[in-house]
Amino acid sequence: MGRKNSFLGPFRALREKRFAQLYTAQAISLLGDAFTWLGIALLAFEFGGTGSARILSIALTLRVTAYVLFAPIAGVLADRIDRKKILYTTHFLRMAVVATLPFIRNEWQLYILVFLLNIFNAFFTPAYKASVPQVIRLKENYANALVLSNGTWQLLGMLGPGLAGAMAVFVGARQIFFIDAVTFIIAAILIITLPGTLLVKDLTTRSKMSFSAVFSDIAKGTRRLFNLKPLRFAVLVELVVAIAGAQILVNTVGQVKGVMEFGDQEYGWIMTAFGIGATIAAFSSNAIDKSKNRRTLLLLSGTLIISAVTFANSVPYPVLMILWIIAGTGQSFSYLPSQILIAENIELHEQGRVYGAHFAWVHLWWAFGYILAGLAGNYFHTREFLAGGILSAVIFIIVLLTSLTLTKTGRPHGKPV
C-alpha cells in the first residue's frame with residue numbers, strides 16, 4: 001500500500017488548481033511535440049528516402065544548437081517579464097511554425113523551420129520550469145509537481161509517437177501538422193486563462209534590458225549553476241548520463257538490426273523497454289528522494305545507466321531488453337535532483353536564468369555525447385557500448401573524486417508568489 005501511495009503521490013500536486021491548469025497545458029504541448037517529430041521524420045523520408053537519417057541528424061543537431069544558444073537568454077527574460085506571456089506567446093509561435101510545415105517542398109526549408117521551432121522551445125522550457133514554484137502553494141507539493149511533469153514527459157515520449165503514427169495513417173503525413181497546431185492553440189488558451197500573472201515581484205531584476213545587462217545575467221545564471229556544490233555535482237552527473245544515454249539513442253539500432261540481425265519491430269520493442277524504465281523511474285523518483293539526500297538518487301542514476309550500457313554488446317536480445325529498462329531507469333533518475341535543487345537554493349527572481357543555464361548546459365552535454373557515440377559506433381564496431389560505458393565510468397569516478405560530499409539542502413530562498 002505504501003509503495004502504491006508513493007507511486008501515485010505525484011498526482012497530489014493536481015490538487016493545486018493553478019498547477020493543474022499549467023500541467024494540463026504542458027501535457028497537451030508534449031503530445032504536440034510527439035506529433036511534430038513523427039511528422040518531421042516522415043518528411044525526412046519523403047525528401048531523402050534511404051538517406052533520411054542524414055536529414056534527421058542535421059535536424060537534431062539544429063535542435064540542440066538552438067537550445068544551447070537561446071535557452072540562457074530565455075532564462076534571463078523569464079526573470080524580467082511575465083512568464084505567463086512567454087508561455088502562451090511561444091505556443092502561438094510554435095503553432096505558426098508547425099502549420100507551415102505541410103507546405104514545404106525543399107529540405108532546406110525543413111531545416112529553417114526546425115531551427116525556428118526549437119528556438120521557441122528553448123524560450124518555453126526555462127519559463128515553464130521557473131513558473132512551477134510560483135503556482136504551487138504548498139511546499140510539499142513541489143517535488144510531486146516536478147515528478148508528475150517529468151513522468152508525463154517520459155510517458156508521452158514513449159506513447160506519443162505511436163499515437164501520432166496511428167493518426168498519420170488516417171489523415172496523412174503532412175496533415176498531421178495541422179492536428180499538431182491545434183494542440184498548441186489549446187495549450188496556449190489554458191495558459192492565457194490561468195488566474196493571475198507569473199510576474200516575479202522584484203522590479204530591480206527588470207530595471208535594465210541592455211545587451212550588457214542581459215549578458216551579465218546569463219553569466220550569473222551559469223555561475224550560480226556551478227558555484228553551488230550540490231547543484232554542480234548534479235549537473236556533472238548529468239554529463240555522465242548524457243554520454244552513456246547517447247550511446248543508447250545512437251547505437252542501439254546498429255546493435256539490434258546489424259549485429260543481432262533483427263527487424264524494425266524488435267528495435268521498436270527494445271526502445272519501448274527503455275521508455276518503460278524511464279517512465280517508472282520518473283514517477284517513483286520522489287519516493288526514493290524522500291530523504292532529501294539527492295546524492296543517493298544521483299549515484300543510483302549514474303551506476304544504473306553505466307552498468308547497463310557497458311555490458312550491452314555481449315548479451316542476447318532478452319537480456320538487452322532488461323538492460324535497457326535499467327538504463328532508462330538510471331537516465332530518468334538524473335532529472336529530478338537538479339530541478340529541485342534550483343528551486344530550493346536559488347532566489348525566485350533568479351530561477352529563470354539558472355533554469356535557462358541548466359537547460360543549455362545539459363543539451364550541450366548531449367551534443368557532446370552524440371559525437372562520442374558516433375565515434376564509438378565507427379571505430380569500436382561491436383564494442384561501442386563497452387567503450388562508451390568505460391568512458392562514462394571514468395568520468396563518473398572523476399566527478400565523484402573531485403566533488404565534495406553533497407550536503408542536504410536547506411530552506412528555499414525563493415517562495416512561491
# chains A, B, ... in the order shown; residues from 1 in each chain; ligands from 1
call {"tool": "closest_atom_pairs", "arguments": {"of": "segment 332-387 of chain A", "to": "segment 72-82 of chain A", "cutoff": "10 Å", "atoms": "only C-alpha atoms", "output": "CSV"}}
result
residue,atom,partner,partner_atom,distance
A:Leu348,CA,A:Asp79,CA,8.4
A:His349,CA,A:Asp79,CA,5.6
A:Glu350,CA,A:Asp79,CA,6.1
A:Gln351,CA,A:Asp79,CA,7.1
A:Gly352,CA,A:Gly75,CA,4.4
A:Arg353,CA,A:Gly75,CA,3.8
A:Val354,CA,A:Gly75,CA,6.7
A:Tyr355,CA,A:Gly75,CA,6.2
A:Gly356,CA,A:Gly75,CA,4.1
A:Ala357,CA,A:Pro72,CA,4.9
A:His358,CA,A:Pro72,CA,8.2
A:Phe359,CA,A:Pro72,CA,7.8
A:Ala360,CA,A:Pro72,CA,6.5
A:Trp361,CA,A:Pro72,CA,9.2
call {"tool": "write_last_selection", "arguments": {"atoms": "N, CA and C atoms", "output": "CSV table (one decimal), in the first residue's frame"}}
result
chain,number,residue,atom,x,y,z
A,348,LEU,N,13.8,33.2,-6.0
A,348,LEU,CA,12.8,33.0,-7.0
A,348,LEU,C,13.0,34.0,-8.2
A,349,HIS,N,13.5,35.2,-8.0
A,349,HIS,CA,13.7,36.1,-9.1
A,349,HIS,C,14.9,35.9,-9.9
A,350,GLU,N,15.7,34.8,-9.5
A,350,GLU,CA,16.9,34.4,-10.3
A,350,GLU,C,16.7,33.0,-10.9
A,351,GLN,N,15.6,32.4,-10.6
A,351,GLN,CA,15.5,31.0,-11.0
A,351,GLN,C,15.4,30.8,-12.5
A,352,GLY,N,14.8,31.8,-13.2
A,352,GLY,CA,14.7,31.7,-14.7
A,352,GLY,C,16.0,31.6,-15.4
A,353,ARG,N,16.9,32.4,-15.0
A,353,ARG,CA,18.3,32.4,-15.6
A,353,ARG,C,19.0,31.1,-15.3
A,354,VAL,N,18.8,30.6,-14.1
A,354,VAL,CA,19.5,29.4,-13.7
A,354,VAL,C,18.9,28.2,-14.4
A,355,TYR,N,17.6,28.1,-14.5
A,355,TYR,CA,17.0,27.1,-15.3
A,355,TYR,C,17.4,27.1,-16.8
A,356,GLY,N,17.5,28.4,-17.3
A,356,GLY,CA,17.9,28.5,-18.7
A,356,GLY,C,19.4,28.0,-18.9
A,357,ALA,N,20.3,28.4,-17.9
A,357,ALA,CA,21.6,27.9,-18.0
A,357,ALA,C,21.7,26.4,-17.9
A,358,HIS,N,20.9,25.8,-17.0
A,358,HIS,CA,20.9,24.4,-16.8
A,358,HIS,C,20.4,23.7,-18.1
A,359,PHE,N,19.3,24.2,-18.7
A,359,PHE,CA,18.8,23.6,-19.9
A,359,PHE,C,19.8,23.6,-21.0
A,360,ALA,N,20.6,24.8,-21.2
A,360,ALA,CA,21.6,24.9,-22.2
A,360,ALA,C,22.8,23.9,-22.0
A,361,TRP,N,23.3,23.9,-20.7
A,361,TRP,CA,24.4,23.0,-20.4
A,361,TRP,C,24.1,21.5,-20.6
call {"tool": "residues_around", "arguments": {"residues": "Trp269 of chain A", "least_positions_apart": "5", "cutoff": "12 Å", "atoms": "only C-alpha atoms", "output": "VMD selection string"}}
result
chain A and resid 158 162 252 to 253 256 262 to 264 274 to 276 317 to 318 320 to 322 324 to 325
call {"tool": "closest_residue", "arguments": {"among": "A:Thr24, A:Gln175, A:Asn118, A:Ser392", "to": "Ile243 of chain A", "atoms": "only C-alpha atoms"}}
result
A:Ser392
call {"tool": "residues_around", "arguments": {"residues": "segment 303-315 of chain A", "least_positions_apart": "5", "cutoff": "10 Å", "atoms": "only C-alpha atoms", "output": "ChimeraX atom specification"}}
result
/A:240-245,247-248,252,255,259-260,297-298,320-333,381-393,396
call {"tool": "closest_residue", "arguments": {"among": "A:Ala181, A:Leu249, A:Ala130, A:Val97", "to": "Leu117 of chain A", "atoms": "only C-alpha atoms"}}
result
A:Val97
call {"tool": "residues_around", "arguments": {"residues": "Thr89 of chain A", "least_positions_apart": "4", "cutoff": "12 Å", "atoms": "only C-alpha atoms", "output": "list in words"}}
result
Asp82, Arg83, Lys84, Lys85, Leu93, Arg94, Met95, Ala96, Phe120, Asn121, Phe123, Phe124, Ala127, Phe184, Ile185, Ala187, Ala188, Ile189, Ile191 and Ile192 of chain A
call {"tool": "write_last_selection", "arguments": {"atoms": "C-alpha atoms", "output": "short mmCIF file (atom, residue, chain, number, x, y, z; two decimals), in the first residue's frame"}}
result
data_model
loop_
_atom_site.label_atom_id
_atom_site.label_comp_id
_atom_site.auth_asym_id
_atom_site.auth_seq_id
_atom_site.Cartn_x
_atom_site.Cartn_y
_atom_site.Cartn_z
CA ASP A 82 5.73 37.91 -17.05
CA ARG A 83 6.49 34.21 -17.52
CA LYS A 84 2.86 33.62 -18.46
CA LYS A 85 3.31 35.82 -21.55
CA LEU A 93 4.65 30.92 -32.44
CA ARG A 94 5.18 27.15 -32.45
CA MET A 95 1.66 26.75 -33.78
CA ALA A 96 2.53 29.05 -36.68
CA PHE A 120 10.70 28.89 -29.31
CA ASN A 121 11.01 25.61 -27.39
CA PHE A 123 12.21 30.03 -24.58
CA PHE A 124 9.30 27.93 -23.34
CA ALA A 127 9.94 29.79 -18.30
CA PHE A 184 -0.56 24.28 -29.28
CA ILE A 185 -3.63 26.51 -29.56
CA ALA A 187 -2.37 24.72 -24.56
CA ALA A 188 -1.99 28.47 -25.16
CA ILE A 189 -5.63 29.09 -24.21
CA ILE A 191 -2.17 29.34 -20.11
CA ILE A 192 -3.89 32.61 -21.04
#
call {"tool": "residues_around", "arguments": {"residues": "Gln21 of chain A", "least_positions_apart": "2", "cutoff": "8 Å", "atoms": "only C-alpha atoms", "output": "PDB file with C-alpha atoms, in the first residue's frame"}}
result
ATOM      1  CA  LYS A  17      -5.616  24.285  -9.197  1.00  0.00           C
ATOM      2  CA  ARG A  18      -3.176  26.675 -10.864  1.00  0.00           C
ATOM      3  CA  PHE A  19      -0.591  23.941 -11.294  1.00  0.00           C
ATOM      4  CA  TYR A  23       0.312  20.969 -16.148  1.00  0.00           C
ATOM      5  CA  THR A  24      -2.593  20.204 -18.495  1.00  0.00           C
ATOM      6  CA  ALA A  25      -1.238  22.783 -20.930  1.00  0.00           C
ATOM      7  CA  LEU A 190      -5.169  27.171 -20.977  1.00  0.00           C
ATOM      8  CA  ILE A 191      -2.165  29.338 -20.105  1.00  0.00           C
ATOM      9  CA  LEU A 194      -4.504  30.855 -15.860  1.00  0.00           C
TER      10      LEU A 194
END
